[in-house]
file model_2.tsv (TSV, C-alpha atoms)
chain	number	residue	atom	x	y	z
A	7	MET	CA	23.16	-65.76	-35.52
A	8	ILE	CA	20.16	-67.54	-34.02
A	9	PHE	CA	17.36	-65.48	-32.54
A	10	GLY	CA	15.12	-68.23	-31.18
A	11	LYS	CA	11.84	-67.79	-33.03
A	12	GLU	CA	10.22	-70.22	-35.41
A	13	LYS	CA	9.09	-68.86	-38.75
A	14	GLY	CA	5.34	-68.71	-38.91
A	15	ALA	CA	2.30	-67.41	-40.70
A	16	GLU	CA	0.36	-64.26	-39.96
A	17	LEU	CA	-0.75	-64.11	-36.32
A	18	GLU	CA	-4.25	-63.40	-35.10
A	19	MET	CA	-4.21	-60.84	-32.33
A	20	ALA	CA	-7.03	-59.54	-30.16
A	21	GLU	CA	-7.81	-55.85	-30.36
A	22	GLN	CA	-6.25	-53.87	-27.56
A	23	ASP	CA	-6.36	-50.27	-26.41
A	24	LEU	CA	-3.03	-48.61	-27.20
A	25	HIS	CA	-1.27	-45.61	-25.68
A	26	TYR	CA	1.35	-43.48	-27.45
A	27	PHE	CA	2.37	-39.94	-28.41
A	28	MET	CA	2.09	-38.24	-31.79
A	29	ARG	CA	4.09	-35.13	-30.80
A	30	GLY	CA	7.33	-34.69	-28.93
A	31	ASN	CA	9.28	-32.01	-27.09
A	32	THR	CA	12.57	-32.69	-28.83
A	33	ALA	CA	15.98	-31.25	-29.65
A	34	GLN	CA	14.35	-30.08	-32.91
A	35	GLY	CA	11.57	-28.31	-31.06
A	36	LEU	CA	7.96	-29.47	-31.01
A	37	VAL	CA	7.73	-32.23	-33.63
A	38	SER	CA	4.42	-33.69	-34.83
A	39	LEU	CA	3.66	-36.99	-36.55
A	40	ALA	CA	-0.07	-36.28	-36.73
A	41	ASP	CA	-0.13	-36.63	-40.51
A	42	SER	CA	0.94	-40.27	-40.18
A	43	VAL	CA	-1.04	-41.11	-37.03
A	44	PHE	CA	-4.38	-40.00	-38.50
A	45	GLN	CA	-3.82	-41.36	-42.01
A	46	GLY	CA	-6.58	-43.53	-43.41
A	47	LEU	CA	-9.37	-42.31	-41.10
A	48	SER	CA	-12.69	-41.43	-42.70
A	49	THR	CA	-13.90	-38.89	-40.10
A	50	ILE	CA	-11.97	-36.63	-37.72
A	51	TYR	CA	-13.42	-34.23	-35.15
A	52	VAL	CA	-11.09	-31.32	-34.38
A	53	LEU	CA	-11.84	-29.80	-30.97
A	54	GLN	CA	-11.04	-26.10	-31.08
A	55	GLY	CA	-10.97	-25.53	-27.37
A	56	PHE	CA	-9.19	-23.89	-24.48
A	57	PRO	CA	-6.69	-24.91	-21.77
A	58	GLY	CA	-8.29	-27.39	-19.41
A	59	GLY	CA	-11.59	-27.69	-21.23
A	60	THR	CA	-10.36	-29.68	-24.21
A	61	GLU	CA	-8.38	-32.13	-22.06
A	62	ALA	CA	-11.28	-32.72	-19.67
A	63	MET	CA	-13.70	-33.31	-22.52
A	64	MET	CA	-11.28	-35.65	-24.30
A	65	GLY	CA	-10.86	-37.69	-21.11
A	66	ARG	CA	-14.61	-38.01	-20.57
A	67	ILE	CA	-15.19	-39.05	-24.19
A	68	ALA	CA	-12.45	-41.70	-23.97
A	69	ALA	CA	-13.98	-43.09	-20.75
A	70	ALA	CA	-17.46	-43.18	-22.30
A	71	LEU	CA	-16.21	-44.93	-25.44
A	72	GLU	CA	-14.29	-47.48	-23.38
A	73	GLN	CA	-17.42	-48.19	-21.35
A	74	ARG	CA	-19.31	-48.80	-24.58
A	75	GLY	CA	-16.74	-51.40	-25.61
A	76	PHE	CA	-14.92	-49.53	-28.38
A	77	ASN	CA	-11.24	-50.25	-29.08
A	78	LEU	CA	-9.26	-47.04	-28.67
A	79	HIS	CA	-5.90	-45.52	-29.34
A	80	ARG	CA	-5.24	-42.92	-26.66
A	81	ILE	CA	-2.82	-40.25	-27.86
A	82	HIS	CA	-1.19	-38.50	-24.92
A	83	GLN	CA	0.00	-34.92	-24.55
A	84	PRO	CA	3.79	-34.56	-24.70
A	85	LEU	CA	3.86	-31.99	-21.87
A	86	ASP	CA	1.54	-33.85	-19.49
A	87	HIS	CA	1.08	-37.54	-20.30
A	88	GLU	CA	-1.91	-37.81	-17.97
A	89	SER	CA	-3.94	-35.77	-20.47
A	90	LEU	CA	-5.02	-36.77	-23.97
A	91	GLU	CA	-4.72	-34.77	-27.17
A	92	GLY	CA	-6.24	-37.39	-29.44
A	93	ILE	CA	-8.41	-40.50	-29.66
A	94	ILE	CA	-8.78	-43.00	-32.49
A	95	VAL	CA	-11.72	-45.43	-32.56
A	96	THR	CA	-9.97	-48.12	-34.59
A	97	ASN	CA	-12.96	-50.19	-35.68
A	98	LEU	CA	-14.91	-47.12	-36.86
A	99	SER	CA	-12.13	-45.28	-38.76
A	100	PHE	CA	-12.87	-42.29	-36.54
A	101	GLY	CA	-10.62	-39.82	-34.75
A	102	ILE	CA	-10.82	-36.90	-32.33
A	103	VAL	CA	-7.96	-34.44	-31.94
A	104	ASP	CA	-7.16	-31.32	-29.92
A	105	GLY	CA	-7.08	-28.34	-32.28
A	106	ASP	CA	-3.78	-27.21	-30.73
A	107	ALA	CA	-2.21	-30.45	-31.97
A	108	TRP	CA	-3.70	-30.22	-35.45
A	109	SER	CA	-2.85	-28.46	-38.68
A	110	ALA	CA	-4.21	-28.49	-42.21
A	111	ASP	CA	-1.02	-30.29	-43.29
A	112	ALA	CA	-2.11	-33.31	-41.25
A	113	GLU	CA	-5.50	-33.73	-42.93
A	114	PRO	CA	-5.78	-37.14	-44.63
A	115	ALA	CA	-6.93	-37.01	-48.24
A	116	GLY	CA	-10.65	-37.68	-48.51
A	117	ALA	CA	-11.33	-37.51	-44.78
A	118	ASP	CA	-14.40	-35.72	-43.43
A	119	ILE	CA	-12.92	-33.07	-41.08
A	120	ARG	CA	-15.40	-31.54	-38.65
A	121	TYR	CA	-14.38	-28.60	-36.47
A	122	ILE	CA	-16.09	-28.31	-33.09
A	123	ASP	CA	-15.90	-24.89	-31.39
A	124	LEU	CA	-15.60	-25.43	-27.64
A	125	CYS	CA	-14.79	-21.77	-27.05
A	126	SER	CA	-18.42	-20.88	-27.74
A	127	VAL	CA	-19.24	-21.76	-24.11
A	128	LEU	CA	-16.78	-19.21	-22.66
A	129	ASP	CA	-17.84	-15.97	-20.97
A	130	THR	CA	-16.08	-13.45	-23.22
A	131	GLY	CA	-16.50	-10.70	-20.62
A	132	LYS	CA	-14.45	-12.62	-18.06
A	133	LEU	CA	-11.78	-13.38	-20.66
A	134	GLU	CA	-11.55	-9.73	-21.68
A	135	ALA	CA	-11.09	-8.73	-18.04
A	136	SER	CA	-8.15	-11.16	-17.82
A	137	SER	CA	-6.73	-10.46	-21.29
A	138	GLU	CA	-3.49	-8.90	-20.03
A	139	GLU	CA	-2.85	-11.81	-17.65
A	140	ILE	CA	-3.60	-14.31	-20.42
A	141	GLU	CA	-1.15	-12.56	-22.75
A	142	ARG	CA	1.52	-12.45	-20.02
A	143	LEU	CA	1.16	-16.13	-19.19
A	144	GLN	CA	1.16	-17.18	-22.84
A	145	GLY	CA	4.32	-15.18	-23.44
A	146	GLN	CA	6.06	-16.80	-20.49
A	147	ILE	CA	4.95	-20.26	-21.64
A	148	ASP	CA	6.45	-19.61	-25.07
A	149	ILE	CA	9.73	-18.53	-23.47
A	150	ALA	CA	9.83	-21.64	-21.24
A	151	TYR	CA	9.34	-23.89	-24.25
A	152	GLU	CA	12.03	-22.05	-26.22
A	153	GLN	CA	14.46	-22.47	-23.33
A	154	ALA	CA	13.59	-26.16	-23.06
A	155	TYR	CA	14.19	-26.78	-26.76
A	156	ASP	CA	17.46	-24.84	-26.75
A	157	THR	CA	18.68	-26.91	-23.82
A	158	PHE	CA	17.49	-30.16	-25.43
A	159	LEU	CA	19.65	-29.29	-28.43
A	160	LYS	CA	22.67	-28.70	-26.18
A	161	THR	CA	21.92	-32.01	-24.48
A	162	LEU	CA	21.83	-33.76	-27.86
A	163	ARG	CA	25.25	-32.34	-28.72
A	164	ILE	CA	26.62	-33.86	-25.49
A	165	HIS	CA	24.99	-37.16	-26.45
A	166	ASP	CA	26.63	-36.96	-29.89
A	167	GLU	CA	30.07	-36.67	-28.23
A	168	TRP	CA	29.23	-39.61	-25.98
A	169	GLU	CA	28.12	-41.68	-28.98
A	170	LYS	CA	31.34	-41.02	-30.88
A	171	ILE	CA	33.34	-43.16	-28.47
A	172	PHE	CA	31.35	-46.23	-29.44
A	173	ILE	CA	30.80	-45.30	-33.10
A	174	ASP	CA	34.59	-45.26	-33.50
A	175	HIS	CA	34.77	-48.81	-32.11
A	176	LEU	CA	31.73	-50.24	-33.90
A	177	ASP	CA	32.04	-53.29	-36.16
A	178	ARG	CA	29.75	-52.16	-38.97
A	179	GLU	CA	30.07	-55.42	-40.83
A	180	ALA	CA	28.79	-57.30	-37.78
A	181	MET	CA	25.78	-54.95	-37.55
A	182	ASN	CA	25.07	-55.35	-41.28
A	183	THR	CA	25.18	-59.12	-40.85
A	184	LEU	CA	22.85	-58.85	-37.85
A	185	ALA	CA	20.35	-56.80	-39.86
A	186	THR	CA	20.41	-59.28	-42.75
A	187	GLU	CA	20.03	-62.38	-40.60
A	188	TRP	CA	17.35	-60.85	-38.38
A	189	SER	CA	15.38	-59.80	-41.44
A	190	GLU	CA	15.66	-63.25	-42.99
A	191	GLN	CA	14.47	-64.98	-39.84
A	192	TYR	CA	11.70	-62.64	-38.66
A	193	LEU	CA	10.50	-60.60	-41.63
A	194	GLN	CA	8.71	-63.21	-43.67
A	195	PRO	CA	6.16	-61.70	-46.12
A	196	VAL	CA	2.56	-62.31	-45.16
A	197	ARG	CA	1.48	-62.75	-48.77
A	198	ALA	CA	2.98	-62.10	-52.18
A	199	GLY	CA	2.34	-58.71	-53.76
A	200	LYS	CA	1.05	-57.06	-50.60
A	201	LYS	CA	1.94	-53.40	-50.02
A	202	SER	CA	3.05	-52.48	-46.51
A	203	GLN	CA	1.16	-49.99	-44.38
A	204	ILE	CA	3.49	-47.80	-42.34
A	205	VAL	CA	2.65	-45.51	-39.44
A	206	HIS	CA	5.01	-43.23	-37.53
A	207	ARG	CA	4.53	-42.52	-33.81
A	208	PHE	CA	6.45	-41.71	-30.62
A	209	LEU	CA	6.62	-44.44	-27.96
A	210	GLY	CA	7.64	-41.89	-25.32
A	211	ALA	CA	8.07	-38.21	-24.64
A	212	ALA	CA	10.00	-35.75	-22.53
A	213	THR	CA	7.24	-34.47	-20.24
A	214	TRP	CA	7.28	-32.06	-17.33
A	215	ARG	CA	7.73	-35.11	-15.08
A	216	GLY	CA	10.65	-36.44	-17.15
A	217	ALA	CA	10.79	-39.25	-19.70
A	218	ILE	CA	7.58	-41.30	-20.04
A	219	ASP	CA	7.12	-44.28	-22.35
A	220	PHE	CA	4.37	-46.76	-23.24
A	221	VAL	CA	6.54	-49.68	-24.37
A	222	PRO	CA	4.84	-52.30	-22.11
A	223	ASN	CA	1.38	-51.34	-23.37
A	224	LEU	CA	2.39	-51.19	-27.04
A	225	THR	CA	4.14	-54.56	-26.99
A	226	ASP	CA	1.90	-56.53	-24.64
A	227	ARG	CA	-0.22	-57.79	-27.56
A	228	LEU	CA	2.79	-59.35	-29.28
A	229	GLN	CA	4.17	-62.87	-29.10
A	230	THR	CA	7.85	-61.97	-29.49
A	231	ARG	CA	9.63	-58.96	-27.99
A	232	ILE	CA	13.31	-58.27	-28.62
A	233	TYR	CA	14.92	-56.04	-25.98
A	234	VAL	CA	17.94	-54.41	-27.61
A	235	LYS	CA	20.70	-53.47	-25.18
A	236	GLY	CA	23.82	-51.48	-25.98
A	237	ARG	CA	25.54	-48.12	-25.61
A	238	PRO	CA	24.96	-44.75	-27.26
A	239	GLY	CA	26.38	-45.05	-30.75
A	240	SER	CA	26.32	-48.85	-30.89
A	241	GLY	CA	24.11	-48.91	-33.99
A	242	LYS	CA	20.63	-49.58	-32.55
A	243	SER	CA	18.79	-46.88	-34.51
A	244	THR	CA	20.68	-47.72	-37.71
A	245	LEU	CA	19.66	-51.36	-37.26
A	246	PHE	CA	16.01	-50.34	-36.88
A	247	LYS	CA	16.14	-48.17	-40.01
A	248	SER	CA	17.56	-51.09	-41.98
A	249	LEU	CA	14.87	-53.46	-40.71
A	250	ALA	CA	12.11	-50.93	-41.43
A	251	ALA	CA	13.34	-50.59	-45.02
A	252	SER	CA	13.46	-54.37	-45.39
A	253	ALA	CA	9.92	-54.76	-44.03
A	254	GLU	CA	8.59	-52.15	-46.44
A	255	GLN	CA	10.29	-53.89	-49.35
A	256	LYS	CA	8.67	-57.17	-48.32
A	257	GLY	CA	5.18	-55.65	-47.93
A	258	ILE	CA	5.06	-56.08	-44.14
A	259	ASP	CA	3.01	-53.58	-42.11
A	260	THR	CA	5.23	-51.63	-39.73
A	261	GLU	CA	4.71	-49.31	-36.78
A	262	ILE	CA	7.78	-47.06	-36.58
A	263	TYR	CA	8.40	-45.37	-33.23
A	264	HIS	CA	10.71	-42.38	-33.19
A	265	CYS	CA	12.90	-41.21	-30.31
A	266	GLY	CA	11.10	-38.56	-28.27
A	267	PHE	CA	14.38	-36.72	-27.75
A	268	ASP	CA	15.94	-37.02	-31.20
A	269	PRO	CA	13.17	-37.69	-33.78
A	270	ASN	CA	15.75	-38.60	-36.43
A	271	SER	CA	16.50	-41.74	-34.42
A	272	LEU	CA	14.24	-44.78	-34.13
A	273	ASP	CA	13.50	-46.49	-30.83
A	274	MET	CA	11.14	-49.31	-31.77
A	275	LEU	CA	9.62	-51.26	-34.64
A	276	ILE	CA	6.43	-53.29	-34.34
A	277	PHE	CA	5.32	-55.74	-37.03
A	278	PRO	CA	1.71	-56.37	-35.96
A	279	GLU	CA	0.97	-59.05	-38.59
A	280	LEU	CA	3.95	-61.06	-37.34
A	281	GLY	CA	3.45	-60.46	-33.63
A	282	VAL	CA	7.01	-59.13	-33.28
A	283	ALA	CA	8.55	-56.02	-31.71
A	284	ILE	CA	12.19	-54.98	-31.54
A	285	PHE	CA	13.06	-51.94	-29.42
A	286	ASP	CA	15.83	-49.98	-27.76
A	287	SER	CA	15.60	-51.08	-24.15
A	288	THR	CA	18.14	-48.72	-22.63
A	289	ALA	CA	17.59	-45.62	-20.48
A	290	PRO	CA	15.40	-43.61	-20.43
A	291	HIS	CA	13.06	-46.42	-21.58
A	292	GLU	CA	14.84	-49.39	-20.04
A	293	HIS	CA	12.81	-52.58	-19.67
A	294	PHE	CA	13.64	-56.23	-19.06
A	295	PRO	CA	12.14	-59.58	-20.15
A	296	VAL	CA	9.21	-60.71	-18.04
A	297	ARG	CA	7.60	-63.56	-19.98
A	298	GLU	CA	8.13	-66.33	-22.52
A	299	GLY	CA	8.93	-64.89	-25.94
A	300	ASP	CA	10.97	-62.02	-24.51
A	301	GLN	CA	14.62	-61.97	-25.61
A	302	ILE	CA	17.64	-59.73	-25.09
A	303	LEU	CA	19.81	-58.72	-28.03
A	304	ASP	CA	23.04	-57.13	-26.77
A	305	VAL	CA	24.64	-55.22	-29.64
A	306	TYR	CA	27.54	-54.13	-27.44
A	307	GLN	CA	28.60	-57.75	-27.13
A	308	LEU	CA	28.07	-58.37	-30.83
A	309	ALA	CA	29.58	-55.29	-32.46
A	310	ILE	CA	31.67	-53.12	-30.11
A	311	ALA	CA	35.39	-53.78	-29.72
A	312	GLU	CA	36.17	-55.69	-26.53
A	313	GLY	CA	37.41	-53.48	-23.72
A	314	THR	CA	35.85	-50.23	-25.00
A	315	ASP	CA	33.88	-49.68	-21.78
A	316	GLU	CA	36.97	-50.12	-19.66
A	317	LYS	CA	39.28	-48.06	-21.88
A	318	PHE	CA	36.97	-45.02	-21.95
A	319	ALA	CA	35.35	-45.39	-18.52
A	320	ASP	CA	36.36	-41.90	-17.30
A	321	ALA	CA	35.25	-40.14	-20.49
A	322	VAL	CA	31.94	-42.03	-20.55
A	323	LEU	CA	31.24	-41.08	-16.93
A	324	THR	CA	31.95	-37.42	-17.72
A	325	PHE	CA	29.60	-37.42	-20.71
A	326	LYS	CA	26.93	-39.28	-18.76
A	327	ASN	CA	27.02	-36.73	-15.93
A	328	ARG	CA	26.98	-33.76	-18.33
A	329	TYR	CA	24.09	-35.31	-20.24
A	330	SER	CA	22.09	-35.95	-17.06
A	331	THR	CA	22.61	-32.41	-15.76
A	332	SER	CA	21.61	-30.84	-19.07
A	333	MET	CA	18.55	-33.07	-19.43
A	334	LYS	CA	17.37	-32.17	-15.92
A	335	GLN	CA	17.60	-28.49	-16.86
A	336	SER	CA	15.53	-29.12	-19.99
A	337	ILE	CA	12.84	-30.89	-17.97
A	338	ALA	CA	12.86	-28.03	-15.44
A	339	TYR	CA	11.88	-25.64	-18.24
A	340	LEU	CA	9.03	-27.96	-19.22
A	341	ALA	CA	7.91	-28.06	-15.58
A	342	GLU	CA	7.86	-24.26	-15.63
A	343	ALA	CA	5.72	-24.33	-18.80
A	344	LYS	CA	3.33	-26.76	-17.09
A	345	GLU	CA	3.00	-24.53	-14.01
A	346	LEU	CA	2.29	-21.48	-16.15
A	347	ARG	CA	-0.22	-23.40	-18.24
A	348	ASP	CA	-2.04	-24.49	-15.08
A	349	GLN	CA	-2.43	-20.82	-14.18
A	350	LEU	CA	-3.79	-20.12	-17.66
A	351	GLN	CA	-6.15	-23.05	-17.32
A	352	ASP	CA	-7.57	-21.61	-14.10
A	353	ILE	CA	-8.52	-18.40	-15.90
A	354	TYR	CA	-10.37	-20.29	-18.63
A	355	GLN	CA	-12.14	-22.52	-16.14
A	356	GLU	CA	-13.49	-19.41	-14.43
A	357	ALA	CA	-14.89	-18.32	-17.79
A	358	ALA	CA	-16.60	-21.66	-18.52
A	359	ALA	CA	-19.80	-22.51	-16.67
A	360	GLU	CA	-19.84	-25.92	-15.03
A	361	GLY	CA	-21.28	-28.53	-17.38
A	362	SER	CA	-21.29	-26.15	-20.34
A	363	LEU	CA	-19.37	-28.57	-22.56
A	364	LEU	CA	-21.69	-31.53	-21.94
A	365	PRO	CA	-24.08	-30.80	-24.86
A	366	LEU	CA	-21.15	-30.73	-27.31
A	367	GLU	CA	-19.79	-33.88	-25.74
A	368	ARG	CA	-23.12	-35.66	-26.19
A	369	THR	CA	-23.25	-34.53	-29.83
A	370	ILE	CA	-19.87	-36.09	-30.51
A	371	LEU	CA	-20.76	-39.35	-28.77
A	372	SER	CA	-24.05	-39.54	-30.66
A	373	GLY	CA	-22.18	-39.04	-33.92
A	374	ILE	CA	-19.85	-41.90	-33.06
A	375	GLU	CA	-22.64	-44.24	-32.01
A	376	ALA	CA	-24.51	-43.48	-35.24
A	377	ARG	CA	-21.63	-45.07	-37.15
A	378	VAL	CA	-22.06	-48.45	-35.48

call {"tool": "encode", "arguments": {"input": "model_2.tsv", "output": "C-alpha cells"}}
result
Amino acid sequence: MIFGKEKGAELEMAEQDLHYFMRGNTAQGLVSLADSVFQGLSTIYVLQGFPGGTEAMMGRIAAALEQRGFNLHRIHQPLDHESLEGIIVTNLSFGIVDGDAWSADAEPAGADIRYIDLCSVLDTGKLEASSEEIERLQGQIDIAYEQAYDTFLKTLRIHDEWEKIFIDHLDREAMNTLATEWSEQYLQPVRAGKKSQIVHRFLGAATWRGAIDFVPNLTDRLQTRIYVKGRPGSGKSTLFKSLAASAEQKGIDTEIYHCGFDPNSLDMLIFPELGVAIFDSTAPHEHFPVREGDQILDVYQLAIAEGTDEKFADAVLTFKNRYSTSMKQSIAYLAEAKELRDQLQDIYQEAAAEGSLLPLERTILSGIEARV
C-alpha cells in the first residue's frame, strides 16, 4: 500500500497555541487525563475557586499571556468549551489549572505545586444566606450529570451493537498489513536510542452544546494529515493503538488523543517530530482535506467485505437512529447541568466584589513573568 509521503528527517515546526480537553463526559463517567497532560512541568498553580470566578480569571490570564507573546496550550472545560480549566505555558514549563479539575493523583513528581485560594474574596455572609439554595442546586447538578453518564453508557451499548455488523465482516489481516506498512513508511525513528515522550489528551468532548472537537487547530501545524474514513467497528481505533505501540517502540514522541465518548478508544495520533497526524475523520468529528499534504484513508474500502453496507442497510439505519436519539438525550442532561451551574454561578458572583480577583491575578502574572 502506498500512502504518498516521502520519508524524511525530523521536521522543524513553529510554536503554535493549541486547544484540547483533558477531561471528558464519557460513558465511563467523568474521565480525567490531567496526570498525563501536566507531566513534566516544573511549576503548577492550582486555582481553588468558585463557579464563574475561576473561569473568568483563567480567561483573562490566557489573554494577558497571549498578548505578551507566550505560546499556550488552552485546556477547555468538557461541559462548556468556551471556558478554560487549564493553561500551559510551554516554553516556561508552567501550568495553571482549575482546582475542580485537579487531584493529588495528577501531581507530577518533583513539580512545585502552588495552591491559590480564590474563595478568600467571597462575602461569607452572602454565601451563608444562600446556603440552602447552593446545596439544592449542587444536588440537582450531580443528578443531571449522573443521568447524562447513565445515558451515555446506554448509548455506547447501542454503538457496540452497530459496530458488530462491521466487526463480523472485517478483514483483520488486511488491517494488520495496513498497520505494518503505514508504520514502515511514516514512523521512521528520529535518532537511535531515543526514548519516546507520550502524552494523552482528548481532541473533543461531549459538551452541553453537543460534540466539540479541536482537530483543525491541533493538526494545522503538521505537514501531513491522514483523514481516516470508515464505519463503526471497521478497525480505526485498533489501527491507532497498533501505530502508537510501534511509535513508542521506535522512540518517536506521540500525542495520543482518546475518544471523548468512549475513552478506551483512540481518535487521533500526532507525531510532532515527524509532522504527521492520523485521525478518525467520521462523525461526530468529521473533516475533509483542504490543503496539500491532506490524504484520505478509507478503511471500509480496504478491509470490510464488499456489499456489507447494502446487505445490512436497514439494521444500520435502525442503530444509527437509536444512537442519535440516545445521544441527544445525554446532551440534554448536560444542558440541564449547565443551566443549573449558571444559576449557581450567579449566587457566587453576588458574593464576589467586582475586581476582587485582580490582585491575585496580577500575582500569578508577575510570577510567570519572573521566570522569563

call {"tool": "closest_residue", "arguments": {"input": "model_2.tsv", "among": "A:Asn270, A:Thr213, A:Thr225, A:Ser243", "to": "Gln34 (chain A)", "atoms": "only C-alpha atoms"}}
result
A:Asn270

call {"tool": "closest_atom_pairs", "arguments": {"input": "model_2.tsv", "of": "region 144-234 of chain A", "to": "region 274-283 of chain A", "cutoff": "6 Å", "atoms": "all atoms listed in the file", "output": "CSV"}}
result
residue,atom,partner,partner_atom,distance
A:Leu228,CA,A:Gly281,CA,4.5
A:Gln229,CA,A:Gly281,CA,5.2
A:Thr230,CA,A:Val282,CA,4.8
A:Arg231,CA,A:Ala283,CA,4.9

call {"tool": "closest_residue", "arguments": {"input": "model_2.tsv", "among": "A:Ser332, A:Ser89, A:Ser48, A:Ser252", "to": "Gly65 (chain A)", "atoms": "all atoms listed in the file"}}
result
A:Ser89

call {"tool": "atom_distance", "arguments": {"input": "model_2.tsv", "atom1": "CA of Met28 (chain A)", "atom2": "CA of Ile164 (chain A)"}}
result
25.7 Å

call {"tool": "residues_around", "arguments": {"input": "model_2.tsv", "residues": "Asp226 (chain A)", "least_positions_apart": "5", "cutoff": "12 Å", "atoms": "all atoms listed in the file", "output": "VMD selection string"}}
result
chain A and resid 19 to 25 220 to 221 231 276 278 281 to 283 295 to 300

call {"tool": "closest_residue", "arguments": {"input": "model_2.tsv", "among": "A:Met64, A:Ile284, A:Ala112, A:Leu363", "to": "Ser38 (chain A)", "atoms": "all atoms listed in the file"}}
result
A:Ala112

call {"tool": "residues_around", "arguments": {"input": "model_2.tsv", "residues": "Phe267 (chain A)", "least_positions_apart": "4", "cutoff": "7 Å", "atoms": "only C-alpha atoms", "output": "PyMOL selection string"}}
result
chain A and resi 31-33+212

call {"tool": "write_last_selection", "arguments": {"input": "model_2.tsv", "atoms": "C-alpha atoms", "output": "PDB file, keeping the file's coordinate frame"}}
result
ATOM      1  CA  ASN A  31       9.280 -32.010 -27.090  1.00  0.00           C
ATOM      2  CA  THR A  32      12.570 -32.690 -28.830  1.00  0.00           C
ATOM      3  CA  ALA A  33      15.980 -31.250 -29.650  1.00  0.00           C
ATOM      4  CA  ALA A 212      10.000 -35.750 -22.530  1.00  0.00           C
TER       5      ALA A 212
END

call {"tool": "closest_residue", "arguments": {"input": "model_2.tsv", "among": "A:Glu134, A:Asp174, A:Glu261, A:Glu169", "to": "Lys242 (chain A)", "atoms": "all atoms listed in the file"}}
result
A:Glu169

call {"tool": "atom_distance", "arguments": {"input": "model_2.tsv", "atom1": "CA of Asp106 (chain A)", "atom2": "CA of Glu91 (chain A)"}}
result
8.4 Å

call {"tool": "closest_residue", "arguments": {"input": "model_2.tsv", "among": "A:Leu85, A:Leu124, A:Ala357, A:Ala251", "to": "Gly210 (chain A)", "atoms": "only C-alpha atoms"}}
result
A:Leu85

call {"tool": "axis_aligned_box", "arguments": {"input": "model_2.tsv", "around": "region 57-71 of chain A", "padding_each_side": "3 Å", "output": "lines of an AutoDock Vina configuration file"}}
result
center_x = -12.1
center_y = -34.9
center_z = -22.4
size_x = 16.8
size_y = 26.0
size_z = 12.0

call {"tool": "atom_distance", "arguments": {"input": "model_2.tsv", "atom1": "CA of Ser189 (chain A)", "atom2": "CA of Leu249 (chain A)"}}
result
6.4 Å

call {"tool": "closest_residue", "arguments": {"input": "model_2.tsv", "among": "A:Glu138, A:Asp166, A:Asp148, A:Asp304", "to": "Arg328 (chain A)", "atoms": "only C-alpha atoms"}}
result
A:Asp166
